[in-house]
file target_26.cif (mmCIF, C-alpha atoms)
data_query
loop_
_atom_site.label_atom_id
_atom_site.label_comp_id
_atom_site.auth_asym_id
_atom_site.auth_seq_id
_atom_site.Cartn_x
_atom_site.Cartn_y
_atom_site.Cartn_z
CA MET A 626 87.91 122.90 92.42
CA LEU A 627 90.82 123.23 94.83
CA SER A 628 90.81 126.20 97.13
CA SER A 629 93.32 126.99 99.86
CA ASN A 630 95.01 129.98 101.38
CA ARG A 631 98.19 127.94 101.89
CA PRO A 632 100.68 126.63 99.32
CA LEU A 633 99.70 123.23 97.97
CA SER A 634 101.35 120.29 99.71
CA PRO A 635 103.12 117.79 97.41
CA LEU A 636 100.05 115.53 97.66
CA LEU A 637 97.64 118.27 96.60
CA LEU A 638 100.03 119.63 93.98
CA VAL A 639 100.32 116.25 92.27
CA ASN A 640 96.55 115.85 92.20
CA ALA A 641 96.07 119.39 90.91
CA LEU A 642 98.47 118.61 88.07
CA LEU A 643 96.59 115.40 87.41
CA MET A 644 93.41 117.41 86.92
CA LEU A 645 95.18 119.77 84.52
CA GLY A 646 96.82 116.89 82.66
CA CYS A 647 93.43 115.29 82.06
CA SER A 648 91.64 118.50 81.08
CA SER A 649 91.60 117.56 77.40
CA GLN A 650 90.30 114.05 78.15
CA THR A 651 87.16 112.67 79.74
CA PRO A 652 87.15 114.01 83.32
CA LEU A 653 87.95 111.50 86.03
CA GLY A 654 85.20 111.87 88.56
CA ARG A 655 84.61 115.07 90.48
CA TRP A 656 85.93 116.64 93.66
CA GLU A 657 83.01 116.22 96.04
CA GLY A 658 82.32 116.55 99.73
CA PRO A 659 79.93 117.92 102.35
CA GLU A 660 77.94 121.06 101.69
CA ARG A 661 78.17 122.32 105.27
CA PRO A 662 80.37 121.65 108.30
CA ALA A 663 79.50 118.72 110.54
CA ASP A 664 78.47 119.48 114.11
CA VAL A 665 81.27 118.80 116.59
CA ARG A 666 81.32 118.68 120.38
CA ARG A 667 84.44 118.48 122.55
CA GLN A 668 85.14 116.74 125.83
CA ASP A 669 88.27 116.38 127.91
CA TRP A 670 90.12 113.07 127.70
CA HIS A 671 92.69 111.88 130.25
CA ALA A 672 95.30 110.28 128.00
CA GLY A 673 97.79 109.05 130.58
CA PRO A 674 99.96 111.89 131.87
CA GLU A 675 98.63 114.25 129.16
CA MET A 676 95.24 115.82 128.80
CA GLY A 677 93.62 115.21 125.45
CA GLN A 678 90.24 115.76 123.87
CA VAL A 679 87.42 113.70 122.42
CA LEU A 680 85.87 115.20 119.28
CA LEU A 681 82.28 113.98 118.98
CA THR A 682 80.39 113.92 115.69
CA GLU A 683 77.40 112.03 114.35
CA HIS A 684 79.42 108.94 113.40
CA TYR A 685 82.72 109.28 115.28
CA ARG A 686 84.45 109.69 118.62
CA ILE A 687 87.94 111.00 117.88
CA PHE A 688 90.34 110.67 120.82
CA THR A 689 93.37 112.88 120.33
CA THR A 690 96.30 114.53 122.06
CA VAL A 691 96.94 116.84 119.09
CA THR A 692 96.93 120.47 120.22
CA ASP A 693 96.87 122.29 116.86
CA GLN A 694 93.48 124.00 116.85
CA ASP A 695 93.26 123.99 113.06
CA VAL A 696 93.69 120.22 112.99
CA LEU A 697 91.16 119.79 115.79
CA GLN A 698 88.62 121.75 113.77
CA LEU A 699 89.27 120.03 110.43
CA LEU A 700 89.83 116.39 111.42
CA PRO A 701 86.15 115.80 112.34
CA GLN A 702 85.17 117.30 108.99
CA VAL A 703 87.50 114.86 107.23
CA MET A 704 85.99 111.88 109.01
CA GLU A 705 82.36 112.85 108.46
CA GLY A 706 83.09 113.70 104.82
CA ALA A 707 84.93 110.41 104.35
CA TRP A 708 81.95 108.53 105.83
CA ALA A 709 79.81 109.79 102.95
CA ARG A 710 82.48 108.65 100.44
CA TYR A 711 82.56 105.17 101.99
CA ARG A 712 78.78 104.99 101.67
CA LEU A 713 79.08 105.97 98.01
CA VAL A 714 81.35 103.00 97.31
CA ALA A 715 79.32 100.59 99.47
CA PRO A 716 75.74 101.92 99.21
CA HIS A 717 73.91 98.72 100.13
CA LEU A 718 75.03 98.55 103.76
CA GLN A 719 72.83 99.19 106.75
CA PRO A 720 74.97 101.70 108.65
CA SER A 721 75.60 101.38 112.36
CA ASP A 722 74.00 103.87 114.74
CA GLN A 723 76.93 103.62 117.18
CA PRO A 724 79.92 105.96 116.79
CA LEU A 725 83.29 104.65 115.61
CA ASP A 726 86.35 105.27 117.79
CA CYS A 727 89.46 106.90 116.29
CA TYR A 728 92.76 107.64 118.01
CA MET A 729 95.23 110.23 116.76
CA PHE A 730 98.21 110.91 119.00
CA ARG A 731 100.34 114.01 118.88
CA TRP A 732 103.61 112.08 119.18
CA ARG A 733 104.79 108.73 117.85
CA GLY A 734 105.93 107.82 121.35
CA GLN A 735 102.35 108.10 122.61
CA TRP A 736 101.18 105.95 119.70
CA GLU A 737 103.83 103.34 120.49
CA ALA A 738 102.86 103.26 124.19
CA TYR A 739 99.18 102.81 123.29
CA THR A 740 100.05 100.11 120.76
CA GLU A 741 102.18 98.17 123.22
CA ARG A 742 99.37 98.28 125.76
CA TYR A 743 96.32 97.56 123.62
CA ALA A 744 97.34 95.91 120.33
CA GLY A 745 97.98 92.49 121.82
CA PRO A 746 100.07 89.98 119.83
CA ASN A 747 100.03 92.22 116.74
CA ALA A 748 101.85 95.06 118.53
CA LYS A 749 105.30 93.96 117.33
CA VAL A 750 104.15 94.14 113.71
CA TYR A 751 102.39 97.49 114.10
CA LEU A 752 105.42 99.06 115.79
CA LYS A 753 107.42 98.41 112.60
CA ILE A 754 105.13 100.75 110.66
CA ARG A 755 107.30 103.66 109.57
CA SER A 756 104.47 106.13 109.10
CA GLY A 757 100.69 105.98 109.08
CA GLY A 758 98.62 103.85 111.39
CA TYR A 759 96.63 100.67 111.74
CA THR A 760 93.10 99.44 112.36
CA ILE A 761 92.05 96.79 114.86
CA GLN A 762 88.52 95.56 114.18
CA ASP A 763 86.58 98.87 114.07
CA ARG A 764 89.09 101.16 115.79
CA TYR A 765 91.94 102.97 114.05
CA VAL A 766 95.07 104.29 115.73
CA THR A 767 97.39 106.86 114.13
CA TYR A 768 99.81 109.59 115.11
CA TYR A 769 100.19 113.11 113.77
CA ASN A 770 102.65 113.40 110.88
CA GLY A 771 101.76 116.81 109.50
CA ARG A 772 98.38 118.16 108.56
CA GLU A 773 97.92 116.71 105.09
CA GLY A 774 99.58 113.41 105.99
CA ALA A 775 97.37 113.05 109.06
CA PHE A 776 94.18 113.69 107.08
CA SER A 777 95.24 111.28 104.34
CA VAL A 778 96.03 108.50 106.83
CA ALA A 779 92.80 109.12 108.75
CA SER A 780 90.74 108.87 105.57
CA HIS A 781 92.58 105.68 104.53
CA GLU A 782 92.30 104.00 107.91
CA GLY A 783 88.69 105.12 108.19
CA TRP A 784 87.81 102.78 105.33
CA HIS A 785 89.35 99.80 107.17
CA GLN A 786 87.43 100.89 110.26
CA PHE A 787 84.21 101.17 108.26
CA ILE A 788 84.76 97.64 106.92
CA GLY A 789 85.56 96.37 110.41
CA ARG A 790 82.30 97.71 111.80
CA HIS A 791 79.91 96.77 109.00
CA PHE A 792 81.24 93.60 107.34
CA LYS A 793 80.55 90.10 108.64
CA GLY A 794 82.91 88.71 106.01
CA ARG A 795 86.13 90.01 104.53
CA LEU A 796 87.50 91.26 101.27
CA PRO A 797 90.79 90.02 99.80
CA PRO A 798 93.44 92.11 101.59
CA PHE A 799 94.86 93.78 98.48
CA ILE A 800 91.39 94.90 97.38
CA GLU A 801 90.55 96.34 100.80
CA GLU A 802 93.89 98.19 100.82
CA GLY A 803 93.40 99.43 97.27
CA LEU A 804 89.97 100.82 98.08
CA ALA A 805 91.39 102.51 101.19
CA CYS A 806 93.99 104.22 98.99
CA MET A 807 91.19 105.72 96.90
CA PHE A 808 90.24 107.95 99.86
CA GLU A 809 93.74 109.28 100.59
CA ALA A 810 93.74 112.46 98.50
CA VAL A 811 91.90 115.09 100.54
CA SER A 812 91.49 118.59 99.11
CA TRP A 813 89.77 121.65 100.57
CA ASP A 814 87.18 124.18 99.51
CA ASP A 815 86.49 126.89 102.09
CA ARG A 816 87.52 124.53 104.94
CA LEU A 817 85.26 121.75 103.71
CA PRO A 818 87.02 118.51 102.61
CA ARG A 819 86.77 117.23 99.06
CA TRP A 820 87.56 113.85 97.49
CA ASN A 821 87.93 112.64 93.95
CA ILE A 822 88.33 108.92 94.51
CA SER A 823 89.53 108.41 90.94
CA LEU A 824 92.70 110.43 91.57
CA ASN A 825 95.74 109.73 93.73
CA GLY A 826 98.89 111.40 92.41
CA PRO A 827 101.47 109.80 94.75
CA ARG A 828 100.11 106.30 94.11
CA ALA A 829 100.10 106.97 90.36
CA GLN A 830 103.73 108.09 90.54
CA ALA A 831 104.70 104.97 92.50
CA LEU A 832 102.87 102.86 89.93
CA ARG A 833 104.83 104.54 87.14
CA ARG A 834 108.11 103.79 88.93
CA THR A 835 107.04 100.17 89.36
CA ILE A 836 106.25 99.80 85.66
CA ALA A 837 109.46 101.56 84.63
CA ALA A 838 111.44 99.13 86.81
CA LYS A 839 109.60 96.20 85.15
CA SER A 840 108.52 94.96 88.58
CA LEU A 841 104.75 95.01 88.11
CA LEU A 842 103.39 91.96 89.90
CA PRO A 843 101.03 89.61 88.04
CA LEU A 844 97.48 89.71 89.36
CA GLN A 845 97.85 86.10 90.53
CA ASP A 846 100.71 87.17 92.85
CA LEU A 847 98.88 90.26 94.06
CA CYS A 848 95.92 88.07 95.05
CA ALA A 849 98.10 86.25 97.57
CA MET A 850 99.44 89.37 99.30
CA GLN A 851 98.42 91.34 102.36
CA ALA A 852 99.73 94.54 103.89
CA GLY A 853 101.42 92.79 106.82
CA GLN A 854 103.82 91.12 104.40
CA THR A 855 105.29 94.50 103.45
CA VAL A 856 106.02 95.72 106.99
CA GLY A 857 109.75 96.07 107.44
CA ARG A 858 110.50 95.72 103.73
CA SER A 859 112.11 98.33 101.52
CA GLY A 860 110.22 101.49 100.63
CA ASP A 861 110.06 100.41 96.99
CA GLU A 862 108.40 97.12 97.89
CA ILE A 863 105.87 98.85 100.13
CA ASP A 864 105.11 101.45 97.46
CA ARG A 865 104.68 98.73 94.83
CA PHE A 866 102.13 96.80 96.89
CA TYR A 867 100.01 99.84 97.69
CA ALA A 868 100.32 101.35 94.20
CA GLN A 869 99.25 98.11 92.54
CA SER A 870 96.45 97.55 95.04
CA TRP A 871 95.22 101.08 94.36
CA ALA A 872 95.48 100.48 90.60
CA PHE A 873 93.34 97.35 90.84
CA ALA A 874 90.74 99.15 92.98
CA ARG A 875 90.66 101.86 90.32
CA PHE A 876 90.30 99.11 87.72
CA LEU A 877 87.21 97.83 89.55
CA TRP A 878 85.80 101.34 89.95
CA ASP A 879 86.60 103.02 86.61
CA ALA A 880 87.92 100.63 83.94
CA GLU A 881 86.12 100.09 80.65
CA ASP A 882 83.58 102.80 81.27
CA ARG A 883 82.86 101.54 84.83
CA ARG A 884 82.09 98.06 83.56
CA PHE A 885 83.10 96.34 86.82
CA ARG A 886 81.63 98.83 89.30
CA PRO A 887 78.28 97.02 89.74
CA ALA A 888 80.16 93.75 90.28
CA LEU A 889 82.38 95.42 92.88
CA GLN A 890 79.39 96.77 94.76
CA ARG A 891 77.66 93.38 94.65
CA TRP A 892 80.88 91.84 95.99
CA LEU A 893 81.00 94.40 98.81
CA ALA A 894 77.37 93.73 99.70
CA ASP A 895 77.95 89.96 99.79
CA ALA A 896 81.07 90.37 101.94
CA ALA A 897 79.14 92.60 104.33
CA ASP A 898 76.41 89.98 104.64
CA GLY A 899 78.88 87.14 105.14
CA ALA A 900 77.62 85.55 101.94
CA VAL A 901 80.57 86.15 99.65
CA HIS A 902 81.27 83.56 96.95
CA ASP A 903 84.24 81.64 98.38
CA PRO A 904 84.80 77.88 97.93
CA THR A 905 87.09 77.81 100.99
CA GLY A 906 84.70 79.70 103.28
CA SER A 907 87.62 81.74 104.61
CA HIS A 908 86.13 85.11 103.62
CA ARG A 909 82.64 84.56 104.98
CA HIS A 910 83.50 85.52 108.53
CA THR A 911 86.21 87.76 109.91
CA SER A 912 87.16 85.18 112.54
CA ALA A 913 88.08 82.59 109.89
CA THR A 914 91.72 82.19 108.86
CA TRP A 915 92.33 83.94 105.56
CA GLN A 916 93.31 81.67 102.68
CA SER A 917 94.88 83.21 99.61
CA GLN A 918 93.63 80.42 97.33
CA ALA A 919 90.10 81.75 97.82
CA VAL A 920 90.83 84.99 95.96
CA ARG A 921 91.10 83.77 92.38
CA PRO A 922 87.68 82.02 92.40
CA MET A 923 86.12 85.16 93.88
CA LEU A 924 87.67 87.40 91.24
CA GLU A 925 86.54 85.15 88.41
CA HIS A 926 83.04 84.75 89.86
CA TYR A 927 82.29 88.43 90.47
CA LEU A 928 84.08 89.86 87.44
CA GLY A 929 82.94 87.21 84.99
CA ALA A 930 86.33 86.48 83.41
CA ASP A 931 89.27 84.14 83.98
CA ILE A 932 92.27 85.51 85.82
CA SER A 933 94.57 85.59 82.76
CA THR A 934 92.06 87.79 80.91
CA LEU A 935 91.65 90.02 83.96
CA ASP A 936 95.42 90.27 84.37
CA MET A 937 95.87 91.49 80.80
CA ALA A 938 93.12 94.08 81.19
CA TYR A 939 94.44 95.18 84.58
CA ARG A 940 98.00 95.60 83.31
CA ALA A 941 96.79 97.70 80.39
CA PHE A 942 94.71 99.84 82.75
CA ALA A 943 97.65 100.23 85.17
CA ARG A 944 99.82 101.60 82.37
CA LYS A 945 97.05 103.96 81.34
CA ILE A 946 96.63 105.50 84.79
CA ALA A 947 100.40 105.61 85.39
CA TYR A 948 101.24 107.37 82.13
CA ASP A 949 98.20 108.77 80.32
CA GLU A 950 96.54 110.28 83.41
CA LEU A 951 99.76 111.55 84.99
CA PRO A 952 101.10 114.72 83.35
CA LYS A 953 104.21 114.25 81.30
CA HIS A 954 106.05 116.96 83.27
CA ARG A 955 107.18 116.08 86.78
CA SER A 956 105.83 117.83 89.85
CA ALA A 957 107.75 119.04 92.86
CA SER A 958 107.85 116.50 95.67
#
call {"tool": "encode", "arguments": {"input": "target_26.cif", "output": "structure tokens"}}
result
Amino acid sequence: MLSSNRPLSPLLLVNALLMLGCSSQTPLGRWEGPERPADVRRQDWHAGPEMGQVLLTEHYRIFTTVTDQDVLQLLPQVMEGAWARYRLVAPHLQPSDQPLDCYMFRWRGQWEAYTERYAGPNAKVYLKIRSGGYTIQDRYVTYYNGREGAFSVASHEGWHQFIGRHFKGRLPPFIEEGLACMFEAVSWDDRLPRWNISLNGPRAQALRRTIAAKSLLPLQDLCAMQAGQTVGRSGDEIDRFYAQSWAFARFLWDAEDRRFRPALQRWLADAADGAVHDPTGSHRHTSATWQSQAVRPMLEHYLGADISTLDMAYRAFARKIAYDELPKHRSAS
């Protein structure tokens, strides 16, 4: 159940309408999260000319120059709650006992300065990001773009960070991005964060626009894509990549009465161990150069079907979640 003393943001409104639109059908997951607030300690952080803070929790060190006290109280709850969601999707991992470092800057200019200094040769690509953030190995770096946007980005990037810390191998980029999108919709119940990883209203709307424009990419094409290819492109192209990646992650998690979920979790466990099925060997270690031709054999191996069969099933599922799960009336945005 959603509970807030403030008007719903567009993100929360869309997801609330999704819940209502599905009320006569089989419920899609549940809104779940921590039962009690996580313990948080604060320390001063000298962030260049500004004074910031480090928010310390069981699993995270959050370095931030944000001054909004509400955000400073809630952001650690988002990260600790998201950690439990990541563990739900990838339950077979042995979690690290060292905290993960997160950076959230108050201003984009601070984020840009940090990126130029610490992101190395990838800085030029990251600086083209219009909103959001990025993850380098097991550290994510974002800037504040409003409360709900900041929490959504943090929860998304936290998945990449979680992967970066715990996986010896790698997932196909579009699958990693799609799974990250499943954590974007953060709701609240008495100041405790809640997730329903089967719902993401904005991604569902973008998927509907993609289908309506007849620009849905075949699965074979999606397999060869990564997020860096969308940087600097039009908003529609960016939305299409993330919406379709999210739709395929949902396909792996929910389709056909969760038929593929055990295979997904076996795939995640193999990637974490560096033992993923990959004829090219390019996904067995994060230092190896990624090769897109490795993705199709992995899909067919773990999901037990050829790519043409998977593509047909995926396309049907994408239409279902874009139209059947999204209410027929449009929400404010």
call {"tool": "closest_residue", "arguments": {"input": "target_26.cif", "among": "A:Ser777, A:Gln694, A:Thr682, A:Gln786", "to": "Pro724 in chain A", "atoms": "all atoms listed in the file"}}
result
A:Thr682
call {"tool": "residues_around", "arguments": {"input": "target_26.cif", "residues": "His684 in chain A", "least_positions_apart": "3", "cutoff": "10 Å", "atoms": "only C-alpha atoms", "output": "list in words"}}
result
Leu681, Ile687, Pro701, Met704, Glu705, Trp708, Pro720, Ser721, Asp722, Gln723, Pro724, Leu725 and Asp726 of chain A
call {"tool": "residues_around", "arguments": {"input": "target_26.cif", "residues": "Met923 in chain A", "least_positions_apart": "6", "cutoff": "9 Å", "atoms": "only C-alpha atoms", "output": "compact mmCIF listing (two decimals) with C-alpha atoms, keeping the file's coordinate frame"}}
result
# COMPACT_ATOMS: atom_id res chain seq x y z
CA PRO A 797 90.79 90.02 99.80
CA TRP A 892 80.88 91.84 95.99
CA VAL A 901 80.57 86.15 99.65
CA HIS A 902 81.27 83.56 96.95
CA ASP A 903 84.24 81.64 98.38
CA PRO A 904 84.80 77.88 97.93
call {"tool": "closest_residue", "arguments": {"input": "target_26.cif", "among": "A:Ala888, A:Val920, A:Leu697, A:Leu796", "to": "Gln845 in chain A", "atoms": "all atoms listed in the file"}}
result
A:Val920
call {"tool": "closest_residue", "arguments": {"input": "target_26.cif", "among": "A:Trp813, A:Val766, A:Trp915, A:Val691", "to": "Ala748 in chain A", "atoms": "all atoms listed in the file"}}
result
A:Val766
call {"tool": "closest_residue", "arguments": {"input": "target_26.cif", "among": "A:Phe866, A:Phe776, A:Tyr711, A:Tyr728", "to": "Arg686 in chain A", "atoms": "only C-alpha atoms"}}
result
A:Tyr728
call {"tool": "atom_distance", "arguments": {"input": "target_26.cif", "atom1": "CA of Arg833 in chain A", "atom2": "CA of Ala947 in chain A"}}
result
4.9 Å
call {"tool": "atom_distance", "arguments": {"input": "target_26.cif", "atom1": "CA of Leu844 in chain A", "atom2": "CA of Phe873 in chain A"}}
result
8.8 Å
call {"tool": "resolve_selection", "arguments": {"input": "target_26.cif", "expression": "the PyMOL selection byres ((chain A and resi 756) around 9)", "output": "NGL selection string"}}
result
:A and (753-755 or 757-758 or 767-768 or 770)
call {"tool": "write_last_selection", "arguments": {"input": "target_26.cif", "atoms": "C-alpha atoms", "output": "short mmCIF file (atom, residue, chain, number, x, y, z; two decimals), in the frame of the given file"}}
result
data_model
loop_
_atom_site.label_atom_id
_atom_site.label_comp_id
_atom_site.auth_asym_id
_atom_site.auth_seq_id
_atom_site.Cartn_x
_atom_site.Cartn_y
_atom_site.Cartn_z
CA LYS A 753 107.42 98.41 112.60
CA ILE A 754 105.13 100.75 110.66
CA ARG A 755 107.30 103.66 109.57
CA GLY A 757 100.69 105.98 109.08
CA GLY A 758 98.62 103.85 111.39
CA THR A 767 97.39 106.86 114.13
CA TYR A 768 99.81 109.59 115.11
CA ASN A 770 102.65 113.40 110.88
#
call {"tool": "closest_residue", "arguments": {"input": "target_26.cif", "among": "A:Ala715, A:Arg710, A:Trp820, A:Trp736", "to": "Gly673 in chain A", "atoms": "all atoms listed in the file"}}
result
A:Trp736
call {"tool": "atom_distance", "arguments": {"input": "target_26.cif", "atom1": "CA of Met850 in chain A", "atom2": "CA of Phe942 in chain A"}}
result
20.1 Å
call {"tool": "closest_residue", "arguments": {"input": "target_26.cif", "among": "A:Ala941, A:Ile946, A:Ala738, A:Ile822", "to": "Cys806 in chain A", "atoms": "all atoms listed in the file"}}
result
A:Ile822
call {"tool": "resolve_selection", "arguments": {"input": "target_26.cif", "expression": "the PyMOL selection byres ((chain A and resi 657) around 7)", "output": "PDB file with C-alpha atoms, in the frame of the given file"}}
result
ATOM      1  CA  ARG A 655      84.610 115.070  90.480  1.00  0.00           C
ATOM      2  CA  TRP A 656      85.930 116.640  93.660  1.00  0.00           C
ATOM      3  CA  GLY A 658      82.320 116.550  99.730  1.00  0.00           C
ATOM      4  CA  ARG A 819      86.770 117.230  99.060  1.00  0.00           C
ATOM      5  CA  TRP A 820      87.560 113.850  97.490  1.00  0.00           C
ATOM      6  CA  ASN A 821      87.930 112.640  93.950  1.00  0.00           C
TER       7      ASN A 821
END
call {"tool": "residues_around", "arguments": {"input": "target_26.cif", "residues": "Cys727 in chain A", "least_positions_apart": "5", "cutoff": "6 Å", "atoms": "only C-alpha atoms", "output": "list in words"}}
result
Ile687, Phe688, Arg764 and Tyr765 of chain A
call {"tool": "resolve_selection", "arguments": {"input": "target_26.cif", "expression": "the PyMOL selection byres ((chain A and resi 871) around 7)", "output": "PDB file with C-alpha atoms, in the frame of the given file"}}
result
ATOM      1  CA  GLY A 803      93.400  99.430  97.270  1.00  0.00           C
ATOM      2  CA  LEU A 804      89.970 100.820  98.080  1.00  0.00           C
ATOM      3  CA  CYS A 806      93.990 104.220  98.990  1.00  0.00           C
ATOM      4  CA  MET A 807      91.190 105.720  96.900  1.00  0.00           C
ATOM      5  CA  TYR A 867     100.010  99.840  97.690  1.00  0.00           C
ATOM      6  CA  ALA A 868     100.320 101.350  94.200  1.00  0.00           C
ATOM      7  CA  GLN A 869      99.250  98.110  92.540  1.00  0.00           C
ATOM      8  CA  SER A 870      96.450  97.550  95.040  1.00  0.00           C
ATOM      9  CA  ALA A 872      95.480 100.480  90.600  1.00  0.00           C
ATOM     10  CA  PHE A 873      93.340  97.350  90.840  1.00  0.00           C
ATOM     11  CA  ALA A 874      90.740  99.150  92.980  1.00  0.00           C
ATOM     12  CA  ARG A 875      90.660 101.860  90.320  1.00  0.00           C
TER      13      ARG A 875
END
call {"tool": "residues_around", "arguments": {"input": "target_26.cif", "residues": "Tyr927 in chain A", "least_positions_apart": "5", "cutoff": "12 Å", "atoms": "only C-alpha atoms", "output": "short mmCIF file (atom, residue, chain, number, x, y, z; two decimals) with C-alpha atoms, in the frame of the given file"}}
result
data_model
loop_
_atom_site.label_atom_id
_atom_site.label_comp_id
_atom_site.auth_asym_id
_atom_site.auth_seq_id
_atom_site.Cartn_x
_atom_site.Cartn_y
_atom_site.Cartn_z
CA LEU A 877 87.21 97.83 89.55
CA ARG A 884 82.09 98.06 83.56
CA PHE A 885 83.10 96.34 86.82
CA ARG A 886 81.63 98.83 89.30
CA PRO A 887 78.28 97.02 89.74
CA ALA A 888 80.16 93.75 90.28
CA LEU A 889 82.38 95.42 92.88
CA GLN A 890 79.39 96.77 94.76
CA ARG A 891 77.66 93.38 94.65
CA TRP A 892 80.88 91.84 95.99
CA LEU A 893 81.00 94.40 98.81
CA ALA A 894 77.37 93.73 99.70
CA ASP A 895 77.95 89.96 99.79
CA ALA A 896 81.07 90.37 101.94
CA VAL A 901 80.57 86.15 99.65
CA HIS A 902 81.27 83.56 96.95
CA ASP A 903 84.24 81.64 98.38
CA VAL A 920 90.83 84.99 95.96
CA ARG A 921 91.10 83.77 92.38
CA PRO A 922 87.68 82.02 92.40
CA ILE A 932 92.27 85.51 85.82
CA LEU A 935 91.65 90.02 83.96
#
call {"tool": "decode", "arguments": {"input": "target_26.cif", "residues": "range 678-732 of chain A", "atoms": "C-alpha atoms", "output": "PDB file, in the first residue's frame"}}
result
ATOM      1  CA  GLN A 678      28.549  14.344   4.975  1.00  0.00           C
ATOM      2  CA  VAL A 679      29.113  10.607   4.946  1.00  0.00           C
ATOM      3  CA  LEU A 680      26.026   8.562   5.838  1.00  0.00           C
ATOM      4  CA  LEU A 681      27.139   5.227   7.276  1.00  0.00           C
ATOM      5  CA  THR A 682      24.912   2.144   7.296  1.00  0.00           C
ATOM      6  CA  GLU A 683      25.502  -1.582   7.529  1.00  0.00           C
ATOM      7  CA  HIS A 684      26.237  -1.981   3.810  1.00  0.00           C
ATOM      8  CA  TYR A 685      26.950   1.544   2.544  1.00  0.00           C
ATOM      9  CA  ARG A 686      29.025   4.686   2.875  1.00  0.00           C
ATOM     10  CA  ILE A 687      27.068   7.468   1.186  1.00  0.00           C
ATOM     11  CA  PHE A 688      29.156  10.566   0.445  1.00  0.00           C
ATOM     12  CA  THR A 689      26.931  13.548  -0.256  1.00  0.00           C
ATOM     13  CA  THR A 690      26.807  17.323  -0.463  1.00  0.00           C
ATOM     14  CA  VAL A 691      22.990  17.341  -0.410  1.00  0.00           C
ATOM     15  CA  THR A 692      21.718  19.554   2.408  1.00  0.00           C
ATOM     16  CA  ASP A 693      18.012  18.634   2.454  1.00  0.00           C
ATOM     17  CA  GLN A 694      17.576  16.915   5.810  1.00  0.00           C
ATOM     18  CA  ASP A 695      14.642  14.846   4.592  1.00  0.00           C
ATOM     19  CA  VAL A 696      16.747  13.408   1.786  1.00  0.00           C
ATOM     20  CA  LEU A 697      19.643  12.766   4.156  1.00  0.00           C
ATOM     21  CA  GLN A 698      17.326  10.775   6.406  1.00  0.00           C
ATOM     22  CA  LEU A 699      15.616   8.789   3.646  1.00  0.00           C
ATOM     23  CA  LEU A 700      18.463   8.046   1.215  1.00  0.00           C
ATOM     24  CA  PRO A 701      20.169   5.542   3.565  1.00  0.00           C
ATOM     25  CA  GLN A 702      16.810   3.806   4.012  1.00  0.00           C
ATOM     26  CA  VAL A 703      16.484   3.518   0.231  1.00  0.00           C
ATOM     27  CA  MET A 704      19.909   1.959  -0.120  1.00  0.00           C
ATOM     28  CA  GLU A 705      19.524  -0.545   2.709  1.00  0.00           C
ATOM     29  CA  GLY A 706      16.038  -1.461   1.497  1.00  0.00           C
ATOM     30  CA  ALA A 707      17.301  -1.842  -2.067  1.00  0.00           C
ATOM     31  CA  TRP A 708      20.095  -4.130  -0.831  1.00  0.00           C
ATOM     32  CA  ALA A 709      17.457  -6.588   0.376  1.00  0.00           C
ATOM     33  CA  ARG A 710      15.706  -6.412  -3.026  1.00  0.00           C
ATOM     34  CA  TYR A 711      18.977  -7.152  -4.837  1.00  0.00           C
ATOM     35  CA  ARG A 712      19.483 -10.167  -2.585  1.00  0.00           C
ATOM     36  CA  LEU A 713      15.968 -11.349  -3.441  1.00  0.00           C
ATOM     37  CA  VAL A 714      16.800 -11.389  -7.152  1.00  0.00           C
ATOM     38  CA  ALA A 715      20.280 -12.886  -6.648  1.00  0.00           C
ATOM     39  CA  PRO A 716      19.896 -15.037  -3.512  1.00  0.00           C
ATOM     40  CA  HIS A 717      22.842 -17.370  -4.102  1.00  0.00           C
ATOM     41  CA  LEU A 718      25.596 -14.788  -3.654  1.00  0.00           C
ATOM     42  CA  GLN A 719      27.944 -14.607  -0.712  1.00  0.00           C
ATOM     43  CA  PRO A 720      27.576 -10.930   0.229  1.00  0.00           C
ATOM     44  CA  SER A 721      30.574  -8.751   0.928  1.00  0.00           C
ATOM     45  CA  ASP A 722      31.241  -7.584   4.484  1.00  0.00           C
ATOM     46  CA  GLN A 723      32.804  -4.321   3.265  1.00  0.00           C
ATOM     47  CA  PRO A 724      30.592  -1.255   2.712  1.00  0.00           C
ATOM     48  CA  LEU A 725      29.855   0.026  -0.782  1.00  0.00           C
ATOM     49  CA  ASP A 726      30.677   3.658  -1.611  1.00  0.00           C
ATOM     50  CA  CYS A 727      27.987   5.918  -3.099  1.00  0.00           C
ATOM     51  CA  TYR A 728      28.328   9.546  -4.161  1.00  0.00           C
ATOM     52  CA  MET A 729      25.378  11.900  -4.513  1.00  0.00           C
ATOM     53  CA  PHE A 730      26.227  15.531  -5.215  1.00  0.00           C
ATOM     54  CA  ARG A 731      23.917  18.446  -4.604  1.00  0.00           C
ATOM     55  CA  TRP A 732      24.728  20.121  -7.926  1.00  0.00           C
TER      56      TRP A 732
END
